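Here is the structure we will look at, set down as structure tokens.
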Amino acid sequence: MIRRLHFLILTMLLAILPGCADLRNLEDVTLALMAGIDLSEKNELLFYVSSPVFSKDAKKKVEEYGVRADSIRQSTKRFDALVTALTVGGKIQLIVLGKRLLQHPDWFSLLDTLYRDGRMTVNSRVVVVDGPVHSVFHLNPADKPRLPLHLTQLLDTANRRNLTVKTTTQEFHRMMAEKGMTPSITEFKERNSVVEVMGTALLDHQGKYVTLLLPKDTILLQILIHKLQGEMTLTVPLPGQSDQQKVIKPRVSFFVKDVTRTVKTGYRDNRFRFDVELQMEISLAEQMFPVEPAKQYKKLEQLIEKQLAQKYADLIKQFQKQKVDPVGFGVYARAYQYKEWKKVQDDWPAAFAKAEVRVKPVISIKGIGITE
Amino acid sequence: MRNLRDWLRGKKSFLQQAGDAQVRQPGSPSAKPISTSLSDNMLELRKRFPLTPDLIIRHMDNPVTRERAILVYLSGLVDRNAINNNVIRPFLDKRRSRESSIFNVLTVGNMDFITDWNDVESSILLGNSLLFLEGQSKVFVIEARGWPQRAIEDPQSEASLLGAHQGFVETSIQNIAMIRRYIPNRELKIQEYTLGSRGISKASVLYLADVAKPEVVKEMVDRLQQVNIDTILNTGELREIIEDSRYSPFPQLITTERPDTAASHILQGRVAVVVDRTPKVLIGPAGFVTYFQNVDDYNLRWPVATFIRTLRFMAFLVATFLPALYIAVVSFNYEIIPLDLLLSVGESRERVPFPPLLEAMLMEITLEMLREAGIRLPAPIGQTVGIVGGIVIGQAAVQAGIVSNIMVIVVAFTAIASFIIPNYDMASAVRLVRFLMMGLSAMFGIVGIVIGLMGLIGHMIALESLGVPYGAPLAPARFADWKDLILRIPLWDMDKRPVSARAVQTKRQGTSGSGEEGQ
């Protein structure tokens with residue numbers, strides 16, 4: 001009798017376990033690979049989703065839908081009504097935000113559910129598109145794999161070449177929450193059915209769009225943030241010979257092989273002071289003026305140092321002017337000058353705008369190429 | 001419920017079934033002394049063995065006393081050459097008439113005499129030849145046994161690439177001899193017991209007296225003595241009766257066909273049971289990891305052996321969990337696999353009309369059927385099974401949209417993985433556990449697999465083999481034994497016997513004099 005009772009209890013306990021309830025077979029779900037949020041001309045929120053079609057009979061391999069809604073959760077319900085009724089967000093690769101949306105502060109609260117719902121992924125990349133989001137979602141290039149996959153691959157390789165940053169949802173959350181830095185995300189544009197990576201969008205404190213950082217400047221930013229990452233090629237012009245008539249301009253390009261970064265943080269004259277020293281080991285990739293690197297490498301090193309320092313100075317000036325700090329100097333300020341940081345922590349970008357930042361590259365040429 | 005609980009705790013159940021088991025003698029009610037009259041004995045013999053055409057009764061004259069004598073034996077169970085040359089020939093030889101005793105006439109090694117008809121009966125049935133003499137109330141037992149047996153062959157179920165090519169046969173004397181060839185040591189002790197009340201069989205317990213722990217030997221002997229059964233046909237039957245936990249899917253005693261494996265286990269301090277009429281030897285105490293060790297491991301160079309060990313443990317995980325993982329991924333947790341793989345799984349799943357569990361069950365059962373079909377078929381037909389199976393599983397099923405490509409890969413991978421496990425008993429256990437895991441994962445996804453894994457580990461920790469923890473050396477952790485677990489360290493460093501085998505003498509090279517006494 002006791003045995004039967006035990007068996008009964010065990011069966012009941014097993015039955016109420018929340019098991020098969022969340023069974024969703026892969027082929028039945030709508031697997032959102034790309035999600036988009038945009039703001040229409042009439043300031044209505046538009047939500048887009050793109051998911052793969054598995055059926056062999058279907059001509060198109062991707063289906064995409066857009067709905068009007070107030071929040072992601074609400075839009076999911078709408079999508080359920082449009083596609084097979086199980087939209088899941090666990091595999092979202094890209095979260096595409098319209099530039100128009102990013103012009104408005106407080107848009108970040110829209111993403112709340114991504115962080116609150118355990119079934120959502122935090123590994124998707126946050127990107128901004130210059131132009132209407134639907135133009136990207138309805139893009140259906142015939143010579144490319146499924147669009148979400150193609151875009152993911154495009155952006156990831158662009159990041160490997162340091163044309164842009166790669167910001168995951170998780171990383172983005174950190175950037176938004178961190179007082180000592182401002183977020184930076186990838187920006188791309190659809191032009192004549194071709195997607196082009198434009199560079200890095202710099203956002204302010206609240207996530208509002210501030211400016212676009214071109215790919216050639218992004219690499220400088222990447223070196224400041226990550227030191228060496230992926231393949232880094234820099235090109236600097238030779239100074240003083242800006243002859244407009246010449247077709248071939250004197251340029252020197254090089255691979256960055258190793259970077260050591262030291263940041264000294266100080267506070268003087270009512271403003272922060274950052275001395276960044278970048279020790280770079282480089283290898284020449286291309287040189288289009290007559291300096292013999294084997295003999296005059298000291299001269300060449302100084303030349304590059306000077307040019308690079310100038311580039312960094314311009315970059316920092318641009319940051320300060322726009323009141324953004326994508327590098328995260330505020331983190332250094334907090335770590336080394338906490339007393340002063342505490343006073344300005346709620347408006348760090350303004351304090352950063354006043355700060356004195358010096359970036360000093362120290363170049364040493366380690367390779368000059370194979371054939372002289 | 002209690003059964004389940006006992007099972008989870010690995011409770012020993014063999015003790016209860018022992019019941020009224022006694023050290024049994026085939027005590028027939030008609031115990032009767034042997035008569036001095038040969039004619040009376042003849043009559044009794046006819047009465048006791050009716051319908052026995054293979055009973056041979058040879059009439060002769062006793063060369064010593066010149067009286068009548070008869071030789072009785074079962075024709076198929078004796079060595080006819082020995083009977084003809086060593087018993088009948090000297091008997092008929094007139095020159096022997098001056099001998100004083102019958103012992104001086106017969107040229108056989110083992111002779112004995114009995115006085116009771118029951119002993120006569122069993123002795124004849126066991127293949128002895130009996131000599132009845134006129135005027136004597138005792139019967140001479142001449143041991144000249146011989147029965148149909150095969151030659152020593154390569155062990156089929158445990159083929160070895162580099163090891164010896166001798167496998168056990170169906171005669172325990174020969175099997176013991178093969179083990180003795182590996183361990184010619186006076187400490188190798190053999191205790192003999194009889195099993196079965198109808199088909200009496202001999203079981204010999206082999207161990208190294210100064211190495212094996214006496215408690216372990218005693219445990220094994222106790223269990224053998226409590227066996228109460230008609231007959232033991234195969235070692236597997238004996239194992240099932242004396243195993244610690246009868247509800248467990250895992251084998252708790254090793255059976256092997258290889259003399260070198262048996263010798264190696266005996267040397268490590270384990271106890272072997274050689275059962276007459278079976279080509280398998282039972283070895284205990286066994287641990288979970290002993291099923292993943294193979295004599296070839298010590299034959300190969302140690303980095304290679306380590307690599308192969310790693311493969312085996314991986315194969316165990318794959319064979320147990322891969323189909324379950326497939327089900328979990330396809331029905332619940334698709335977040336955990338890379339996107340490109342996910343898309344190709346989705347594409348191949350799209351045409352399949354069955355839910356993942358059914359799809360996986362279908363394929364796994366097909367695989368098991370193919371395997372089972374292949375085992376007992378003669379080789380020429382066996383190939384057909386392979387071809388049919390290959391085409392059905394490999395191509396047609398996918399093309400017809402019954403199963404997905406990925407499922408076929410999963411099944412194939414599972415099959416290969418389960419073939420890597422060197423022990424057939426363990427591989428069969430894995431086959432069974434796999435279905436359990438598939439069911440759990442179909443209900444709860446990854447959580448189900450974790451539940452299954454936890455249950456499996458819990459069960460394995462609770463199991464015992466001859467009272468020794470089955471999970472050792474993993475749990476309870478015996479770090480000293482880890483040198484021969486996944487890593488097979490060089491033999492020159494492996495100078496201690498495994499702790500999990502409960503050896504009394506821990507140092508390997510030691511003899512009883514110089515070896516350090518462990519624990």
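Residues in the structure tokens are numbered from 1 in each chain, the chains being A, B, ... in the order shown, and ligands are numbered from 1 in the order shown.
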(request) Among the residues of stretch 52-134 of chain A, find those DSSP assigns to helix (DSSP H, G or I) from the backbone and print them as an MDAnalysis selection string. (result) chainID A and resid 72:82 99:102 107:116 133:134
- Task: Give me every strand (DSSP E) residue in stretch 161-330 of chain A, going by DSSP on the backbone, as a PyMOL selection string.
- Result: chain A and resi 184-191+194-203+209-213+233-237+251-268+271-287
query = For chain B, which residues have at least one atom within 6 Å of chain A, if we go by only C-alpha atoms? Write them as a ChimeraX atom specification, please.
reply = /B:1,330-332,335,346-347,350,443-444
Convert the current residue selection to file output with C-alpha atoms, as a PDB file, in the first residue's frame.
ATOM      1  CA  MET B   1       8.917   2.123  -4.573  1.00  0.00           C
ATOM      2  CA  VAL B 330      15.830  20.476 -31.324  1.00  0.00           C
ATOM      3  CA  SER B 331      12.868  20.751 -28.953  1.00  0.00           C
ATOM      4  CA  PHE B 332      13.958  23.021 -26.151  1.00  0.00           C
ATOM      5  CA  GLU B 335      20.191  28.615 -28.072  1.00  0.00           C
ATOM      6  CA  GLY B 346      16.201  23.245 -39.055  1.00  0.00           C
ATOM      7  CA  GLU B 347      16.342  22.686 -42.784  1.00  0.00           C
ATOM      8  CA  GLU B 350      11.604  20.589 -41.775  1.00  0.00           C
ATOM      9  CA  MET B 443      10.297  15.779 -21.326  1.00  0.00           C
ATOM     10  CA  PHE B 444      12.580  18.381 -19.806  1.00  0.00           C
TER      11      PHE B 444
END
Give me, as a PDB file with N, CA and C atoms, in the first residue's frame, all polymer residues having an atom no more than 7 Å from stretch 184-186 of chain A, counting only C-alpha atoms and skipping those fewer than 2 positions away in the same chain.
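Output (out12.pdb):
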ATOM      1  N   VAL A 126      24.469  45.089 -31.371  1.00  0.00           N
ATOM      2  CA  VAL A 126      23.621  46.278 -31.469  1.00  0.00           C
ATOM      3  C   VAL A 126      24.200  47.167 -32.562  1.00  0.00           C
ATOM      4  N   VAL A 127      23.388  47.476 -33.570  1.00  0.00           N
ATOM      5  CA  VAL A 127      23.886  48.292 -34.671  1.00  0.00           C
ATOM      6  C   VAL A 127      22.862  49.379 -34.999  1.00  0.00           C
ATOM      7  N   VAL A 128      23.348  50.413 -35.647  1.00  0.00           N
ATOM      8  CA  VAL A 128      22.439  51.483 -36.069  1.00  0.00           C
ATOM      9  C   VAL A 128      22.506  51.585 -37.583  1.00  0.00           C
ATOM     10  N   THR A 164      35.092  48.929 -37.672  1.00  0.00           N
ATOM     11  CA  THR A 164      34.046  49.358 -36.764  1.00  0.00           C
ATOM     12  C   THR A 164      34.191  48.599 -35.459  1.00  0.00           C
ATOM     13  N   VAL A 165      33.412  48.984 -34.480  1.00  0.00           N
ATOM     14  CA  VAL A 165      33.455  48.271 -33.211  1.00  0.00           C
ATOM     15  C   VAL A 165      32.451  47.122 -33.257  1.00  0.00           C
ATOM     16  N   LYS A 166      32.521  46.254 -32.258  1.00  0.00           N
ATOM     17  CA  LYS A 166      31.496  45.214 -32.137  1.00  0.00           C
ATOM     18  C   LYS A 166      30.941  45.303 -30.740  1.00  0.00           C
ATOM     19  N   THR A 167      29.693  45.707 -30.661  1.00  0.00           N
ATOM     20  CA  THR A 167      29.077  45.890 -29.362  1.00  0.00           C
ATOM     21  C   THR A 167      27.922  44.915 -29.220  1.00  0.00           C
ATOM     22  N   THR A 182      30.984  56.507 -22.731  1.00  0.00           N
ATOM     23  CA  THR A 182      29.761  56.606 -23.522  1.00  0.00           C
ATOM     24  C   THR A 182      29.767  55.494 -24.565  1.00  0.00           C
ATOM     25  N   PHE A 188      25.819  51.254 -40.158  1.00  0.00           N
ATOM     26  CA  PHE A 188      25.916  50.880 -41.569  1.00  0.00           C
ATOM     27  C   PHE A 188      24.774  51.495 -42.351  1.00  0.00           C
ATOM     28  N   GLY A 199      31.057  52.918 -40.301  1.00  0.00           N
ATOM     29  CA  GLY A 199      32.011  53.218 -39.244  1.00  0.00           C
ATOM     30  C   GLY A 199      31.367  52.999 -37.895  1.00  0.00           C
ATOM     31  N   THR A 200      31.711  53.851 -36.960  1.00  0.00           N
ATOM     32  CA  THR A 200      31.231  53.669 -35.601  1.00  0.00           C
ATOM     33  C   THR A 200      30.375  54.855 -35.201  1.00  0.00           C
ATOM     34  N   ALA A 201      29.187  54.565 -34.710  1.00  0.00           N
ATOM     35  CA  ALA A 201      28.319  55.631 -34.221  1.00  0.00           C
ATOM     36  C   ALA A 201      28.636  55.871 -32.759  1.00  0.00           C
ATOM     37  N   LEU A 202      28.898  57.128 -32.430  1.00  0.00           N
ATOM     38  CA  LEU A 202      29.167  57.462 -31.035  1.00  0.00           C
ATOM     39  C   LEU A 202      27.894  58.008 -30.414  1.00  0.00           C
ATOM     40  N   LEU A 203      27.515  57.445 -29.305  1.00  0.00           N
ATOM     41  CA  LEU A 203      26.296  57.886 -28.643  1.00  0.00           C
ATOM     42  C   LEU A 203      26.665  58.618 -27.362  1.00  0.00           C
ATOM     43  N   PRO A 326      34.110  57.521 -25.738  1.00  0.00           N
ATOM     44  CA  PRO A 326      33.982  56.095 -26.058  1.00  0.00           C
ATOM     45  C   PRO A 326      35.150  55.264 -25.534  1.00  0.00           C
TER      46      PRO A 326
END
**Q.** Of the listed residues B:Ile102, B:Leu487, B:Asn85, B:Glu192, that which approaches B:Thr310 most closely, counting only C-alpha atoms
**A.**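 So, comparing all the options, the nearest one is B:Leu487.
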- Proximity to B:Ile254 - best of B:Ile242, B:Ile283, B:Ile365, B:Leu453, only C-alpha atoms: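 Selected residue with least distance to B:Ile254: B:Ile283.
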Using only C-alpha atoms, which of the listed residues (A:Ser71, A:Thr371, A:Ser364, A:Thr30) sits closest to A:Asp112?
->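 Smallest separation from A:Asp112 among the options: A:Ser71.
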Counting only C-alpha atoms, what is within 9 Å of stretch 152-154 of chain B, bar same-chain residues fewer than 6 positions away, as a PyMOL selection string?
-> chain B and resi 160+164-169+258
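Atom CA of A:Gln206 is positioned 17.0 Å from atom CA of A:Ile37.
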Using only C-alpha atoms, which residues sit within 12 Å of A:Trp348 once same-chain residues fewer than 2 positions away are excluded, as a count of residues only? 34
- Compare B:Phe140, B:Leu322, B:Asn104, B:Asp93 by their minimum atom-to-atom distance to B:Leu71, counting only C-alpha atoms, and give me the closest one.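 Looking only at the distances to B:Leu71, the closest residue turns out to be B:Phe140.
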Identify, on the basis of only C-alpha atoms, every residue whose closest approach to stretch 409-415 of chain B does not exceed 7 Å; exclude the query and any residue fewer than 4 positions from it along the same chain; express the result as a list in words.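 Skipping anything fewer than 4 positions along the chain leaves Val318, Ala319, Leu322, Pro323, Met363, Glu364, Asn405 and Phe419 of chain B.
Pairwise distance (atom CA of B:Asn118, atom CA of B:Leu131) equals 15.3 Å.
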### Task
For atom CA of A:His138 and atom CA of A:Asp70, determine how far apart the two atoms are, in Å to one decimal place.
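Those two atoms sit 21.7 Å apart.
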>> Would you pick out the contacts of stretch 276-285 of chain A at 8 Å or less, using only C-alpha atoms, so that residues sharing its chain but fewer than 3 positions from it are not included, and give the list as a ChimeraX atom specification?
In response: /A:252-264,357-369
Selection to disk with C-alpha atoms, as a PDB file, in the first residue's frame:
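Saved the output as result21.pdb:
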ATOM      1  CA  VAL A 252      53.319  55.054 -45.528  1.00  0.00           C
ATOM      2  CA  SER A 253      51.226  52.110 -44.331  1.00  0.00           C
ATOM      3  CA  PHE A 254      52.148  49.610 -41.683  1.00  0.00           C
ATOM      4  CA  PHE A 255      50.859  46.655 -39.730  1.00  0.00           C
ATOM      5  CA  VAL A 256      50.657  47.120 -36.015  1.00  0.00           C
ATOM      6  CA  LYS A 257      52.251  44.044 -34.475  1.00  0.00           C
ATOM      7  CA  ASP A 258      52.164  44.836 -30.810  1.00  0.00           C
ATOM      8  CA  VAL A 259      50.842  47.653 -28.652  1.00  0.00           C
ATOM      9  CA  THR A 260      51.665  48.436 -25.058  1.00  0.00           C
ATOM     10  CA  ARG A 261      49.492  51.087 -23.513  1.00  0.00           C
ATOM     11  CA  THR A 262      50.247  53.042 -20.394  1.00  0.00           C
ATOM     12  CA  VAL A 263      47.807  55.626 -19.103  1.00  0.00           C
ATOM     13  CA  LYS A 264      48.838  58.123 -16.485  1.00  0.00           C
ATOM     14  CA  VAL A 357      44.448  64.298 -23.068  1.00  0.00           C
ATOM     15  CA  ARG A 358      47.777  63.590 -24.682  1.00  0.00           C
ATOM     16  CA  VAL A 359      48.373  60.546 -26.730  1.00  0.00           C
ATOM     17  CA  LYS A 360      51.987  59.839 -27.421  1.00  0.00           C
ATOM     18  CA  PRO A 361      52.768  57.058 -29.833  1.00  0.00           C
ATOM     19  CA  VAL A 362      56.213  55.491 -29.555  1.00  0.00           C
ATOM     20  CA  ILE A 363      56.988  53.604 -32.720  1.00  0.00           C
ATOM     21  CA  SER A 364      59.601  51.017 -33.279  1.00  0.00           C
ATOM     22  CA  ILE A 365      59.927  49.457 -36.701  1.00  0.00           C
ATOM     23  CA  LYS A 366      60.403  45.732 -36.455  1.00  0.00           C
ATOM     24  CA  GLY A 367      59.944  44.765 -40.062  1.00  0.00           C
ATOM     25  CA  ILE A 368      60.521  46.526 -43.339  1.00  0.00           C
ATOM     26  CA  GLY A 369      59.237  43.965 -45.765  1.00  0.00           C
TER      27      GLY A 369
END
query = Using only C-alpha atoms, which of A:Pro349, A:Pro250, A:Pro145, A:Pro183 sits nearest A:Thr235?
reply =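 Residue with the minimum atom-to-atom distance to A:Thr235: A:Pro250.
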From B:Met426, B:Leu370, B:Ala472, B:Ala286, residue lying nearest B:Gly389 [only C-alpha atoms]: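 Among B:Met426, B:Leu370, B:Ala472, B:Ala286, it is B:Leu370 that comes nearest to B:Gly389.
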